[in-house]
Structures are given as structure tokens and as C-alpha cells.
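Pasting start-v5.cif here (mmCIF, C-alpha atoms):
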data_model
#
loop_
_atom_site.label_atom_id
_atom_site.label_comp_id
_atom_site.auth_asym_id
_atom_site.auth_seq_id
_atom_site.Cartn_x
_atom_site.Cartn_y
_atom_site.Cartn_z
CA MET A 1 132.86 122.71 86.58
CA ILE A 2 132.73 121.08 83.16
CA CYS A 3 129.22 120.31 81.86
CA LEU A 4 128.67 118.10 78.83
CA GLY A 5 125.23 118.31 77.22
CA LEU A 6 123.75 115.75 74.81
CA ASP A 7 120.51 116.34 72.91
CA CYS A 8 118.86 113.53 70.95
CA ALA A 9 115.26 114.60 71.53
CA GLY A 10 114.40 115.82 68.05
CA ARG A 11 115.50 115.67 64.43
CA THR A 12 118.96 117.06 65.18
CA ALA A 13 121.61 115.60 67.45
CA ALA A 14 123.86 117.95 69.36
CA ALA A 15 126.59 118.00 71.99
CA ALA A 16 128.32 120.82 73.83
CA LEU A 17 130.94 121.34 76.52
CA MET A 18 130.67 124.28 78.88
CA GLN A 19 132.96 125.34 81.74
CA GLU A 20 130.78 127.37 84.08
CA ASP A 21 129.30 129.87 81.58
CA THR A 22 132.06 129.60 78.96
CA LEU A 23 131.22 127.52 75.88
CA LEU A 24 134.19 125.29 75.00
CA PHE A 25 132.71 123.17 72.21
CA GLU A 26 129.43 122.75 70.36
CA CYS A 27 128.37 120.60 67.42
CA THR A 28 124.95 120.05 65.83
CA LEU A 29 124.23 117.39 63.21
CA ASN A 30 121.18 117.56 60.95
CA LEU A 31 122.17 115.06 58.28
CA GLY A 32 119.36 112.52 58.49
CA LEU A 33 121.45 110.04 60.46
CA THR A 34 119.93 108.15 63.37
CA HIS A 35 120.83 109.24 66.87
CA SER A 36 122.14 105.75 67.59
CA GLU A 37 124.80 106.51 64.96
CA THR A 38 125.66 110.02 66.12
CA ALA A 39 125.24 110.29 69.91
CA LEU A 40 128.43 108.66 71.15
CA PRO A 41 130.64 109.99 68.32
CA LEU A 42 129.43 113.51 69.19
CA VAL A 43 130.38 113.00 72.84
CA GLU A 44 133.74 111.52 71.89
CA GLY A 45 134.43 114.40 69.51
CA ALA A 46 133.59 116.99 72.17
CA LEU A 47 135.87 115.39 74.75
CA ARG A 48 138.69 114.90 72.25
CA ALA A 49 138.51 118.52 71.08
CA ALA A 50 138.81 119.75 74.67
CA GLY A 51 141.49 117.24 75.65
CA LEU A 52 139.23 115.66 78.24
CA THR A 53 137.92 112.23 79.19
CA ALA A 54 134.54 111.33 80.64
CA ALA A 55 136.16 111.41 84.10
CA GLY A 56 136.75 115.15 83.66
CA VAL A 57 133.05 115.92 83.31
CA GLY A 58 131.48 117.25 86.51
CA LEU A 59 127.88 117.37 85.23
CA TRP A 60 126.07 115.59 82.41
CA ALA A 61 123.06 117.38 80.96
CA VAL A 62 120.59 115.56 78.72
CA CYS A 63 117.21 116.33 77.20
CA ALA A 64 114.74 114.21 79.17
CA GLY A 65 111.64 115.16 77.21
CA PRO A 66 109.40 115.89 75.59
CA GLY A 67 110.47 114.71 72.16
CA SER A 68 110.94 111.60 70.07
CA PHE A 69 110.44 108.60 72.33
CA THR A 70 113.29 106.69 70.67
CA GLY A 71 115.59 109.71 70.63
CA LEU A 72 115.00 110.41 74.31
CA ARG A 73 115.80 106.82 75.24
CA ILE A 74 119.03 106.90 73.20
CA GLY A 75 120.23 110.14 74.79
CA LEU A 76 119.32 109.13 78.33
CA ALA A 77 120.88 105.68 77.97
CA ALA A 78 124.11 107.16 76.60
CA VAL A 79 124.44 109.70 79.41
CA LYS A 80 123.43 107.19 82.06
CA GLY A 81 126.17 104.80 80.90
CA LEU A 82 128.84 107.51 80.67
CA ALA A 83 128.02 109.00 84.08
CA PHE A 84 127.52 105.72 85.93
CA ALA A 85 131.16 104.76 86.55
CA ALA A 86 131.90 107.85 88.68
CA ASN A 87 128.26 108.43 89.71
CA THR A 88 128.57 111.90 88.19
CA PRO A 89 125.55 114.18 88.75
CA CYS A 90 123.12 114.46 85.84
CA ALA A 91 120.65 117.18 84.88
CA PRO A 92 117.50 115.85 83.15
CA VAL A 93 116.57 119.03 81.29
CA SER A 94 113.25 119.84 79.67
CA THR A 95 113.77 119.89 75.90
CA LEU A 96 111.55 122.97 75.72
CA GLU A 97 113.58 124.80 78.38
CA ALA A 98 116.82 123.96 76.57
CA LEU A 99 115.35 125.48 73.40
CA ALA A 100 114.51 128.72 75.19
CA ALA A 101 117.79 129.01 77.08
CA CYS A 102 119.80 130.40 74.14
CA HIS A 103 117.47 133.32 73.46
CA THR A 104 117.69 136.83 74.86
CA GLY A 105 115.84 140.11 74.44
CA GLU A 106 112.43 141.29 75.60
CA GLY A 107 109.07 139.57 75.30
CA THR A 108 108.18 135.88 75.12
CA VAL A 109 109.77 132.86 73.51
CA VAL A 110 107.47 129.89 72.88
CA SER A 111 109.27 126.56 72.47
CA VAL A 112 107.31 124.18 70.26
CA LEU A 113 107.99 120.61 69.10
CA ASP A 114 105.93 118.77 66.50
CA ALA A 115 104.16 115.92 68.31
CA ARG A 116 102.43 114.70 65.09
CA ARG A 117 98.73 114.04 64.57
CA GLY A 118 97.95 117.78 64.79
CA GLU A 119 99.47 118.16 68.25
CA VAL A 120 102.52 119.93 69.67
CA TYR A 121 104.62 119.95 72.82
CA TRP A 122 105.01 123.54 74.01
CA ALA A 123 105.94 125.88 76.84
CA GLY A 124 106.22 129.66 77.16
CA PHE A 125 109.15 131.57 78.67
CA ALA A 126 109.55 135.27 79.50
CA LEU A 127 112.55 137.25 78.26
CA PRO A 128 114.96 138.35 79.56
CA GLY A 129 115.66 135.16 81.45
CA PRO A 130 114.31 132.93 80.21
CA ARG A 131 111.76 132.61 83.01
CA ARG A 132 109.20 129.83 82.74
CA LEU A 133 105.60 130.97 82.28
CA THR A 134 103.88 127.61 81.71
CA PRO A 135 104.57 123.94 82.43
CA ASP A 136 105.52 121.70 79.52
CA ARG A 137 102.30 120.76 77.74
CA ALA A 138 101.11 118.45 74.98
CA GLY A 139 97.96 119.10 73.00
CA PRO A 140 96.35 120.49 69.84
CA ILE A 141 98.12 123.48 68.34
CA GLU A 142 94.98 125.59 68.87
CA GLU A 143 95.62 125.47 72.63
CA LEU A 144 98.39 128.05 72.19
CA GLY A 145 95.86 130.66 71.10
CA ASP A 146 94.78 131.77 74.58
CA PHE A 147 98.38 132.00 75.77
CA LEU A 148 99.39 134.12 72.78
CA LYS A 149 96.56 136.57 73.47
CA THR A 150 97.84 137.38 76.95
CA CYS A 151 101.64 136.88 76.84
CA LYS A 152 104.03 139.82 76.73
CA LYS A 153 104.91 140.96 73.22
CA PRO A 154 106.90 140.65 71.07
CA ALA A 155 106.65 136.85 70.98
CA PHE A 156 108.28 134.29 68.70
CA PHE A 157 108.33 130.52 68.21
CA VAL A 158 111.37 128.24 68.26
CA GLY A 159 111.76 124.51 67.73
CA ASP A 160 110.77 122.09 64.98
CA GLY A 161 107.10 122.95 65.56
CA ALA A 162 107.64 126.67 64.95
CA ARG A 163 106.65 126.48 61.29
CA LEU A 164 103.34 124.81 62.23
CA CYS A 165 102.62 127.65 64.65
CA TYR A 166 103.46 130.39 62.16
CA ASN A 167 101.23 128.68 59.59
CA ARG A 168 98.41 128.60 62.14
CA PHE A 169 98.79 131.98 63.84
CA GLY A 170 100.74 133.99 61.26
CA ALA A 171 103.06 136.87 62.09
CA GLY A 172 102.34 140.46 63.03
CA HIS A 173 100.25 141.62 66.00
CA GLY A 174 103.27 141.12 68.24
CA LEU A 175 104.36 137.81 66.71
CA LEU A 176 107.86 138.03 65.25
CA PRO A 177 109.33 135.56 62.75
CA CYS A 178 112.38 133.59 63.83
CA PRO A 179 114.81 132.27 61.17
CA PRO A 180 114.56 128.44 61.22
CA ALA A 181 118.32 127.98 61.70
CA LEU A 182 118.21 130.16 64.84
CA GLY A 183 115.20 128.31 66.20
CA GLN A 184 116.82 124.89 66.24
CA SER A 185 117.76 123.19 69.47
CA ARG A 186 121.30 123.98 70.66
CA ALA A 187 123.31 121.91 73.10
CA ALA A 188 124.72 125.16 74.54
CA GLY A 189 121.21 125.95 75.79
CA LEU A 190 121.00 122.47 77.25
CA CYS A 191 124.24 123.07 79.19
CA LEU A 192 123.02 126.45 80.46
CA ALA A 193 119.76 124.92 81.67
CA GLY A 194 121.60 121.94 83.15
CA LEU A 195 124.01 124.13 85.12
CA ALA A 196 121.05 126.14 86.43
CA MET A 197 119.44 122.90 87.63
CA TYR A 198 122.68 121.85 89.33
CA ARG A 199 122.99 125.19 91.14
CA ALA A 200 119.39 124.85 92.28
CA GLY A 201 120.09 121.39 93.72
CA LEU A 202 118.01 119.60 91.08
CA ALA A 203 120.68 117.32 89.60
CA VAL A 204 120.20 113.58 90.13
CA PRO A 205 122.39 110.45 90.15
CA PRO A 206 122.58 108.71 86.76
CA ALA A 207 120.41 105.81 87.98
CA GLU A 208 117.52 108.25 88.46
CA LEU A 209 117.47 109.56 84.89
CA MET A 210 114.03 108.96 83.42
CA PRO A 211 112.26 110.20 80.27
CA ARG A 212 109.32 112.60 80.49
CA TYR A 213 107.15 111.77 77.49
CA LEU A 214 104.09 113.94 78.41
CA ARG A 215 101.76 111.63 76.50
CA LEU A 216 101.21 107.98 75.70
CA SER A 217 103.01 106.34 72.81
CA GLN A 218 101.05 105.64 69.61
CA ALA A 219 100.86 101.93 70.49
CA GLU A 220 99.46 102.76 73.92
CA ARG A 221 96.93 105.20 72.44
CA GLU A 222 95.77 102.63 69.88
CA ARG A 223 95.44 99.97 72.58
CA ALA A 224 93.39 102.33 74.75
CA ALA A 225 91.14 103.11 71.77
CA ARG A 226 90.57 99.40 71.06
CA LEU A 227 89.72 98.73 74.70
CA ALA A 228 87.32 101.67 74.76
CA ALA A 229 85.63 100.42 71.58
CA GLN A 230 85.21 96.96 73.09
CA GLY A 231 83.41 98.09 76.05
#
Whole structure given in C-alpha cells:
Amino acid sequence: MICLGLDCAGRTAAAALMQEDTLLFECTLNLGLTHSETALPLVEGALRAAGLTAAGVGLWAVCAGPGSFTGLRIGLAAVKGLAFAANTPCAPVSTLEALAACHTGEGTVVSVLDARRGEVYWAGFALPGPRRLTPDRAGPIEELGDFLKTCKKPAFFVGDGARLCYNRFGAGHGLLPCPPALGQSRAAGLCLAGLAMYRAGLAVPPAELMPRYLRLSQAERERAARLAAQG
């Protein structure tokens, strides 16, 4: 089976093609362009490089959240449109699980995304695996403290929130540094996680793809605050 993964959840945009567990193509862009500019060209480039068309894809994997609200909508809309014609199965993958999927070794990998306003999206995964230890969560960075005290060591952070965590918790005492370039999201991890979902019977039709934001948008939070202040 050919799986095509598209990640628009964070600052980078990425696409990969995988046949079973063999990586055929992968590209990551971190050039400051908007995902609306890069998503479809990345998909087209992947298919062209492999001599395929969208009809040759047996599974579409896409980051469904958490992440940038706009980025998630762009990625999900692109995959939904590409998969709709043939009703090809889709895997709505956790962005945090996709981040962890490319890492091996022993210990714990903690996937972290910067959620702004002093908060992060995060989840912990045991290595080797990765095997999920926590659900995806959103909250203040300090909430990771209790998890880090009890998780298997060594542990390291990946994702665009990793720097925030190292600044808060430091290194040493079982916390290992991870080079920023190796901690970025990779579409290969997205494909691996997507194929695992498919094998577990968790793929869905394209019409059922939905974002998982984990928290309210800023506009919704501000509206709730105004209503609370009024009464």
C-alpha cells in the first residue's frame, strides 16, 4: 500500500510517500511560506517524483491536531479534496504522535508544540515504540513537571516547543538535549503513524476528517472572557 502523508500543523510543511514501511519520498519546507502556498505543490512533487497519481495512493495521512488552527484546516481540506474522488481511506494522525514516530532508542520522548500565551500542547511516549503514555494535552508548560519526575529516563523533547521546555526544565538529571533539526516534525513519522492507524482499523472516509484543536481559539477565549465579565 502507498501512503501519502501531509503535515501543515506547525511552522514547517512536509510531505512523504511510503510503501508499507519503505520511505519513497520526503520533503520538508521551512522557508517562511504559508501552507496555502506549499501544501499542494508538496503533494504534486511527491507524486511526480514517484511516478504516481492521486489514484495510486491507498491511504492519505494528515496531521489532525493539535497545532496551528489555520494550518490544520489547510492540511485537512487538501487531503479531504484529494481523497474524496475515490473515497480513499484517511488517517487523521495526532501531530504529537507523528513527531514521536521517527524516534528510537530507550527512555521517553516528549512531543511538545508551542501553543502561545505560556501554554504548550504535549504528550509523552515510551521508547522503544513509540508507545503512548499520556493523551494529547494542552496547558501551562509547568504541567509537564510531574510527568518528567516519574517517566522513564533518559527523556528528551521534540517539536517546536522543545526549546521552551529546555529553558524551563534544563538538561541533566535524565533529560537529554535533542538537536533542533532532529526534533522537527517529519512527514515520514506521519506516514508511519498513519499506517499503524490503518492496520488497527482506525482509518476513516475523507468526509469524516475533522480537526482536533484541544482548546478554544483566541477569539472564542476572548468572547468567553467578555461574557464572564458581564455577568
Note to self: As a check of understanding, name the residues that the PyMOL selection byres ((chain A and resi 58) around 9) selects in the supplied structure, as a count of residues only.
What the structure shows: 13
Item checked: Point-to-point distance in Å for atom CA of Gln184 of chain A and atom CA of Ala77 of chain A ->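 According to the coordinates, atom CA of Ala77 of chain A and atom CA of Gln184 of chain A are separated by 22.9 Å.
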Please build the interface table for segment 41-117 of chain A against segment 9-28 of chain A with a cut-off of 7 Å, listing for each qualifying residue the nearest atom pair and the distance in Å to one decimal; count all atoms listed in the file, order rows by chain and increasing number, and write it as a Markdown table.
| residue | atom | partner | partner_atom | distance |
| --- | --- | --- | --- | --- |
| A:Leu42 | CA | A:Ala15 | CA | 6.0 |
| A:Val43 | CA | A:Ala15 | CA | 6.3 |
| A:Ala46 | CA | A:Phe25 | CA | 6.2 |
| A:Cys63 | CA | A:Ala9 | CA | 6.2 |
| A:Gly65 | CA | A:Ala9 | CA | 6.8 |
| A:Gly67 | CA | A:Ala9 | CA | 4.8 |
| A:Ser68 | CA | A:Ala9 | CA | 5.5 |
| A:Gly71 | CA | A:Ala9 | CA | 5.0 |
| A:Leu72 | CA | A:Ala9 | CA | 5.0 |
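Nearest to Thr70 of chain A of all the residues A:Trp122, A:Asp160, A:Thr95, A:Ser36 is A:Ser36, based on only C-alpha atoms.
Closest to Gly105 of chain A among A:Leu29, A:Leu144, A:Leu127, A:Leu190 is A:Leu127, based on all atoms listed in the file.
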